[in-house]
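J.: Sharing a structure with you now.
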Amino acid sequence: MARIELKNVRKSYGAVDVIMGIDLDVADGEFCVFVGPSGCGKSTLLRMISGLEPITGGDIVIGGEVVNDIPAADRGLAMVFQSYALYPHMSVCQNLSFGLENINTPKAEIAAKVDEVAKMLQIEPLLDRRPKDLSGGQRQRVAIGRAVVREPRVFLFDEPLSNLDAELRVDMRGEITALHRRLQNTMIYVTHDQVEAMTMADKIAVLRLGELEQFGRPLDLYNKPANLFVAGFIGSPKMNFIAGRVDAENREVLELETGETMVLPETGFAQRSGQAVTFGIRPNHMHPVEGGNLHLEVNSVEQLGGESYLYGKLRNGQPMTLHLSGQTNAGRGDTLAIAPDHGEIHLFDSNSGLTLRMD
Amino acid sequence: MSRIWSFLTATRGNGRLHWTDWVSYGYLVLGILLMFGPVVWLGLSSFKTQNELDRFPPRFLPYAQETMELSGFDEALPLFTVTEGEYAGEIVAQTRRAAGRAEVVLPVDPDTRIRLQASQLEPIERIAFATSNYTDLFERFNFLRYLFNSTFITVTATLLMLLVNSMAAFALSKYEFRGRTAVLLIVIGTLMIPQTVVLVPLFLIVTQMGMFNSLWGVIIPGAATPTGVFLLRQYMITIPDEILDAARMDKASEWKIFWRIIVPLSAPAIAVLAILAIMWRWNDFLWPLIVLTRSENFTLQLALNSFQGELQTDWPSLLAMTVLTLLPIAAVFMFLQRYIATGIASTGGK
């Protein structure tokens with residue numbers, strides 16, 4: 001069993017805190033993605049789990065055992081690095097077998113395992129080549145192969161796809177997901193790309209500035225973001241935010257900065273009268289409606305055939321994105337009256353950034 | 001071959017010699033003369049006899065006088081052509097010469113002594129390589145012993161130095177520890193202390209350790225060099241840490257990381273250092289001169305020095321041994337020089 005628990009894990013370099021107390025519980029066999037903007041500490045956190053980076057405080061528990069003082073080699077993990085970190089002077093075959101040699105695996109067994117992994121990842125014809133003679137995608141496979149061949153309890157991926165071109169990235173995404181289905185290991189995957197996170201993860205941990213912003217299933221993060229940061233980070237294009245204030249008399253009426261007012265649905269939010277709030281709505285949850293209470297002046301239109309994106313600004317000059325399915329005949333300079341789908345709006349406290357959703 | 005020829009005869013203009021061609025070829029030829037002239041002179045001189053070496057003005061090629069064995073004489077006699085007088089044109093063998101006068105015989109009639117002015121005689125000479133200069137080294141001197149000493153010191157010291165320096169460089173480039181910069185600065189700081197300053201204390205230490213007059217006394221004091229540590233460190237810094245991390249995840253011990261990852265990846269820098277070390281050690285003179293006093297411990301350089309006496313210098317042996325001493329280092333250089341270029345390019349620059 002390889003359940004991973006982080007208990008108030010902290011890390012500081014001198015006086016600088018980079019990870020400030022993270023609690024996380026990754027169940028056995030789960031595919032967990034750490035996502036966040038660069039500098040949020042996600043790679044550091046991964047290296048701390050791997051044992052390559054010592055922790056300053058808290059406990060890391062893998063499979064029920066506290067591993068704080070266990071060196072990286074003995075934690076039973078395998079890691080795929082961003083730069084692949086293949087051994088440049090060894091052939092692919094030697095790269096794959098190096099780890100097995102280090103634990104004194106018999107030669108025949110090494111050969112069998114390397115063969116099996118090479119077959120699985122379709123790198124058999126490459127076994128005699130050096131890493132420098134491989135393409136980016138092939139190197140990636142070898143790096144994954146090197147992790148798989150040791151049959152670790154847990155796989156750690158550190159932005160493994162960031163050096164690949166877009167098309168290959170989509171392919172490899174599928175392959176890693178397939179690998180997870182096949183091996184059923186616990187995997188932790190670090191990325192700054194929320195699309196990767198959404199498509200691959202069982203659970204996503206959103207990190208910012210060394211703190212865990214939200215941890216949950218992808219759609220939960222999408223549908224019920226816990227705060228402004230997660231709301232803005234998950235989903236593409238980004239959620240639109242409009243600052244506003246709850247009416248002093250009627251807490252169901254929202255006065256927006258744009259000068260418009262909006263009536264909030266009766267259920268779901270715990271807003272107080274007069275509270276400064278931020279109203280959030282995803283681009284695909286708004287529609288042009290006769291008498292809609294938001295007015296969008298269109299700046300540019302992207303027509304993709306099956307769907308359209310409208311970029312424009314509101315009355316106060318704030319930019320806003322609108323996503324429509326199908327095609328549109330709106331053009332540059334038009335002003336559209338739009339209305340949000342009432343079931344899909346989000347409301348956050350402007351000061352704390354936390355959601356006002358009640359459930 | 002034709003490519004070499006076309007390379008060597010390349011000109012700026014189409015076929016005709018531009019003045020820049022004259023300048024560049026002149027410059028190159030001058031360079032060749034300056035650099036190869038002494039070496040060629042040394043090589044040819046090493047095949048000259050003592051007499052030929054003493055001759056003034058010196059001649060480029062080694063000559064030896066024709067001699068002839070005649071009955072009634074113990075040694076072969078040198079041959080001359082008579083230039084004037086009664087015997088003009090005759091070939092004669094000289095038996096004695098003194099005060100401008102020579103006593104010669106005709107080869108057909110060895111018993112009749114003829115007296116002539118020395119100025120009437122012109123020696124008959126041919127180009128001859130005095131290989132005895134070389135064979136003497138093996139017969140009269142313990143050349144192989146010196147060669148062994150030099151080789152042993154060079155090989156052992158180089159290996160030891162590469163090992164010590166690369167381990168130090170590994171620690172200084174890839175481990176974070178308190179005082180790392182200080183250690184590095186101290187190592188580099190020792191570059192500023194000339195060897196002559198520490199000569200006496202070093203000698204005292206070596207003597208106290210009982211390594212006086214032992215080859216190890218030459219080898220061990222130079223096992224760690226600041227230049228080597230610095231050169232290797234600069235190179236190892238460029239090896240990505242992620243590769244080391246990957247090896248750690250692959251359960252490689254730090255020792256194994258050093259041997260299996262760091263050393264192979266630093267090969268270009270290590271090759272450069274090896275070449276430099278071999279040249280330093282092979283040509284080293286001062287320190288061996290101090291530590292090694294018994295002739296059976298002499299290196300080639302010391303043996304060369306011992307040919308040069310206070311009153312007399314055995315030039316033929318000295319020159320022959322100089323050539324033999326140059327050959328191995330030249331060979332090393334020839335085979336490894338491409339590593340120097342690539343290695344220095346990749347260690348110094350970035």
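In the structure tokens, the first chain shown is A, the next is B, and so on; residue numbers restart at 1 for each chain, and ligands run from 1 in the order shown.
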Run DSSP on the backbone and tell me which residues of region 96-311 of chain B come out as alpha helix (DSSP H); list them as JSON, numbers by chain.

T.: {"B": [132, 133, 134, 135, 136, 137, 138, 139, 143, 144, 145, 146, 147, 148, 149, 150, 151, 152, 153, 154, 155, 156, 157, 158, 159, 160, 161, 162, 163, 164, 165, 166, 167, 168, 169, 170, 171, 172, 173, 174, 180, 181, 182, 183, 184, 185, 186, 187, 188, 189, 195, 196, 197, 198, 199, 200, 201, 202, 203, 204, 205, 206, 207, 208, 215, 216, 217, 218, 219, 226, 227, 228, 229, 230, 231, 232, 233, 234, 235, 236, 237, 241, 242, 243, 244, 245, 246, 247, 248, 249, 254, 255, 256, 263, 264, 265, 267, 268, 269, 270, 271, 272, 273, 274, 275, 276, 277, 278, 279, 280, 281, 282, 283, 286, 287, 288, 289, 290, 291, 300, 301, 302, 303, 304, 305, 306, 307]}

J.: Could you give me, as a ChimeraX atom specification, the residues within 9 Å of Phe34 (chain A), counting only C-alpha atoms and dropping anything in the same chain fewer than 4 positions from it?

T.: /A:42-43,45-46,188-192,197,203-207

J.: Could you give me, as a PyMOL selection string, the residues within 10 Å of region 98-109 of chain A, counting only C-alpha atoms and dropping anything in the same chain fewer than 3 positions from it?

T.: (chain A and resi 73+78+87+90+92-95+112-115+146-147+149-151) or (chain B and resi 246-253+256+260)

J.: Using only C-alpha atoms, pick whichever of B:Trp259, B:Glu242, B:Leu276, B:Ala182 has the shortest atom-to-atom distance to chain A.

T.: B:Glu242

J.: Show which residues sit within 8 Å of Thr56 (chain A), as a ChimeraX atom specification. Count only C-alpha atoms, and ignore same-chain residues fewer than 6 positions away.

T.: /A:9-12

J.: Deliver the residues from the most recent selection as a file, using N, CA and C atoms, as an mmCIF file, in the first residue's frame.

T.:
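To be explicit, this is the file written out as selection.cif:
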data_model
loop_
_atom_site.group_PDB
_atom_site.id
_atom_site.type_symbol
_atom_site.label_atom_id
_atom_site.label_comp_id
_atom_site.auth_asym_id
_atom_site.auth_seq_id
_atom_site.Cartn_x
_atom_site.Cartn_y
_atom_site.Cartn_z
ATOM 1 N N VAL A 9 3.629 19.739 6.634
ATOM 2 C CA VAL A 9 4.989 19.722 6.093
ATOM 3 C C VAL A 9 5.438 21.141 5.779
ATOM 4 N N ARG A 10 6.626 21.468 6.262
ATOM 5 C CA ARG A 10 7.150 22.821 6.062
ATOM 6 C C ARG A 10 8.568 22.763 5.510
ATOM 7 N N LYS A 11 8.931 23.852 4.852
ATOM 8 C CA LYS A 11 10.289 23.944 4.321
ATOM 9 C C LYS A 11 10.700 25.401 4.326
ATOM 10 N N SER A 12 11.862 25.672 4.864
ATOM 11 C CA SER A 12 12.376 27.039 4.727
ATOM 12 C C SER A 12 13.859 27.004 4.388
#

J.: With a distance cut-off of 8 Å and only C-alpha atoms, select the neighbouring residues of Thr321 (chain A), excluding the residue or stretch itself and same-chain residues fewer than 2 positions from it, and output the selection as a PyMOL selection string.

T.: chain A and resi 237+240+283+309-312+319+323

J.: Can those selected residues be exported to a file as a short mmCIF file (atom, residue, chain, number, x, y, z; two decimals), in the first residue's frame so that it contains N, CA and C atoms?

T.:
data_model
loop_
_atom_site.label_atom_id
_atom_site.label_comp_id
_atom_site.auth_asym_id
_atom_site.auth_seq_id
_atom_site.Cartn_x
_atom_site.Cartn_y
_atom_site.Cartn_z
N PRO A 237 -10.89 29.52 -21.08
CA PRO A 237 -10.29 30.76 -20.56
C PRO A 237 -10.69 31.04 -19.12
N ASN A 240 -14.30 35.19 -15.36
CA ASN A 240 -14.38 36.66 -15.30
C ASN A 240 -14.75 37.08 -13.89
N PRO A 283 -16.63 32.18 -18.69
CA PRO A 283 -17.00 32.72 -20.01
C PRO A 283 -18.10 31.93 -20.69
N TYR A 309 -15.24 32.79 -29.38
CA TYR A 309 -14.81 33.55 -28.21
C TYR A 309 -14.96 35.02 -28.52
N LEU A 310 -15.57 35.75 -27.60
CA LEU A 310 -15.72 37.19 -27.76
C LEU A 310 -14.92 37.88 -26.66
N TYR A 311 -14.01 38.77 -27.04
CA TYR A 311 -13.23 39.51 -26.05
C TYR A 311 -13.68 40.96 -26.11
N GLY A 312 -13.94 41.53 -24.96
CA GLY A 312 -14.39 42.92 -24.96
C GLY A 312 -14.24 43.52 -23.59
N PRO A 319 -11.85 44.18 -18.77
CA PRO A 319 -11.95 43.18 -19.83
C PRO A 319 -12.81 41.99 -19.42
N HIS A 323 -17.70 33.02 -24.01
CA HIS A 323 -17.55 31.83 -24.84
C HIS A 323 -18.92 31.37 -25.29
#

J.: Using only C-alpha atoms, which of A:Ile49, A:Ala2, A:Ala72, A:Ala111 sits nearest chain B?

T.: A:Ala72

J.: Restricting the calculation to only C-alpha atoms, which member of B:Leu244, B:Leu34, B:Ala168, B:Ile278 is positioned closest to chain A?

T.: B:Leu244

J.: What does the distance between CA of Tyr84 (chain A) and CA of Val117 (chain A) come to in Å, to one decimal place?

T.: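 Here the two named atoms are 16.9 Å from each other.
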
J.: Within 12 Å of Ile186 (chain B), counting only C-alpha atoms, which residues qualify if same-chain residues fewer than 3 places away don't, as an mmCIF file with N, CA and C atoms, in the first residue's frame?

T.:
data_model
loop_
_atom_site.group_PDB
_atom_site.id
_atom_site.type_symbol
_atom_site.label_atom_id
_atom_site.label_comp_id
_atom_site.auth_asym_id
_atom_site.auth_seq_id
_atom_site.Cartn_x
_atom_site.Cartn_y
_atom_site.Cartn_z
ATOM 1 N N LEU B 172 33.440 19.803 -4.047
ATOM 2 C CA LEU B 172 33.342 21.264 -4.087
ATOM 3 C C LEU B 172 32.316 21.755 -5.094
ATOM 4 N N GLY B 179 31.088 26.321 4.608
ATOM 5 C CA GLY B 179 32.511 26.580 4.388
ATOM 6 C C GLY B 179 33.010 26.132 3.034
ATOM 7 N N ARG B 180 32.089 25.785 2.151
ATOM 8 C CA ARG B 180 32.516 25.315 0.845
ATOM 9 C C ARG B 180 33.309 26.381 0.092
ATOM 10 N N THR B 181 32.783 27.594 0.119
ATOM 11 C CA THR B 181 33.467 28.682 -0.582
ATOM 12 C C THR B 181 34.832 28.930 0.042
ATOM 13 N N ALA B 182 34.880 28.868 1.377
ATOM 14 C CA ALA B 182 36.156 29.100 2.057
ATOM 15 C C ALA B 182 37.181 28.064 1.611
ATOM 16 N N VAL B 183 36.759 26.798 1.585
ATOM 17 C CA VAL B 183 37.674 25.740 1.164
ATOM 18 C C VAL B 183 38.169 25.996 -0.252
ATOM 19 N N GLY B 189 43.827 29.828 -3.366
ATOM 20 C CA GLY B 189 44.844 30.689 -2.771
ATOM 21 C C GLY B 189 46.240 30.084 -2.837
ATOM 22 N N THR B 190 46.304 28.761 -2.727
ATOM 23 C CA THR B 190 47.626 28.126 -2.756
ATOM 24 C C THR B 190 48.309 28.316 -4.105
ATOM 25 N N LEU B 191 47.526 28.686 -5.106
ATOM 26 C CA LEU B 191 48.131 28.979 -6.411
ATOM 27 C C LEU B 191 49.104 30.144 -6.315
ATOM 28 N N MET B 192 48.854 31.000 -5.313
ATOM 29 C CA MET B 192 49.662 32.214 -5.228
ATOM 30 C C MET B 192 50.996 31.959 -4.538
ATOM 31 N N ILE B 193 51.173 30.773 -3.945
ATOM 32 C CA ILE B 193 52.428 30.479 -3.259
ATOM 33 C C ILE B 193 53.338 29.713 -4.210
ATOM 34 N N THR B 225 46.646 19.199 -6.721
ATOM 35 C CA THR B 225 47.067 20.493 -7.259
ATOM 36 C C THR B 225 45.859 21.420 -7.341
ATOM 37 N N PRO B 226 46.024 22.648 -6.932
ATOM 38 C CA PRO B 226 44.891 23.585 -6.986
ATOM 39 C C PRO B 226 44.382 23.776 -8.410
ATOM 40 N N VAL B 229 42.077 20.834 -9.219
ATOM 41 C CA VAL B 229 40.810 20.888 -8.504
ATOM 42 C C VAL B 229 39.913 21.943 -9.144
ATOM 43 N N PHE B 230 40.484 23.079 -9.418
ATOM 44 C CA PHE B 230 39.696 24.184 -9.964
ATOM 45 C C PHE B 230 39.175 23.855 -11.360
#
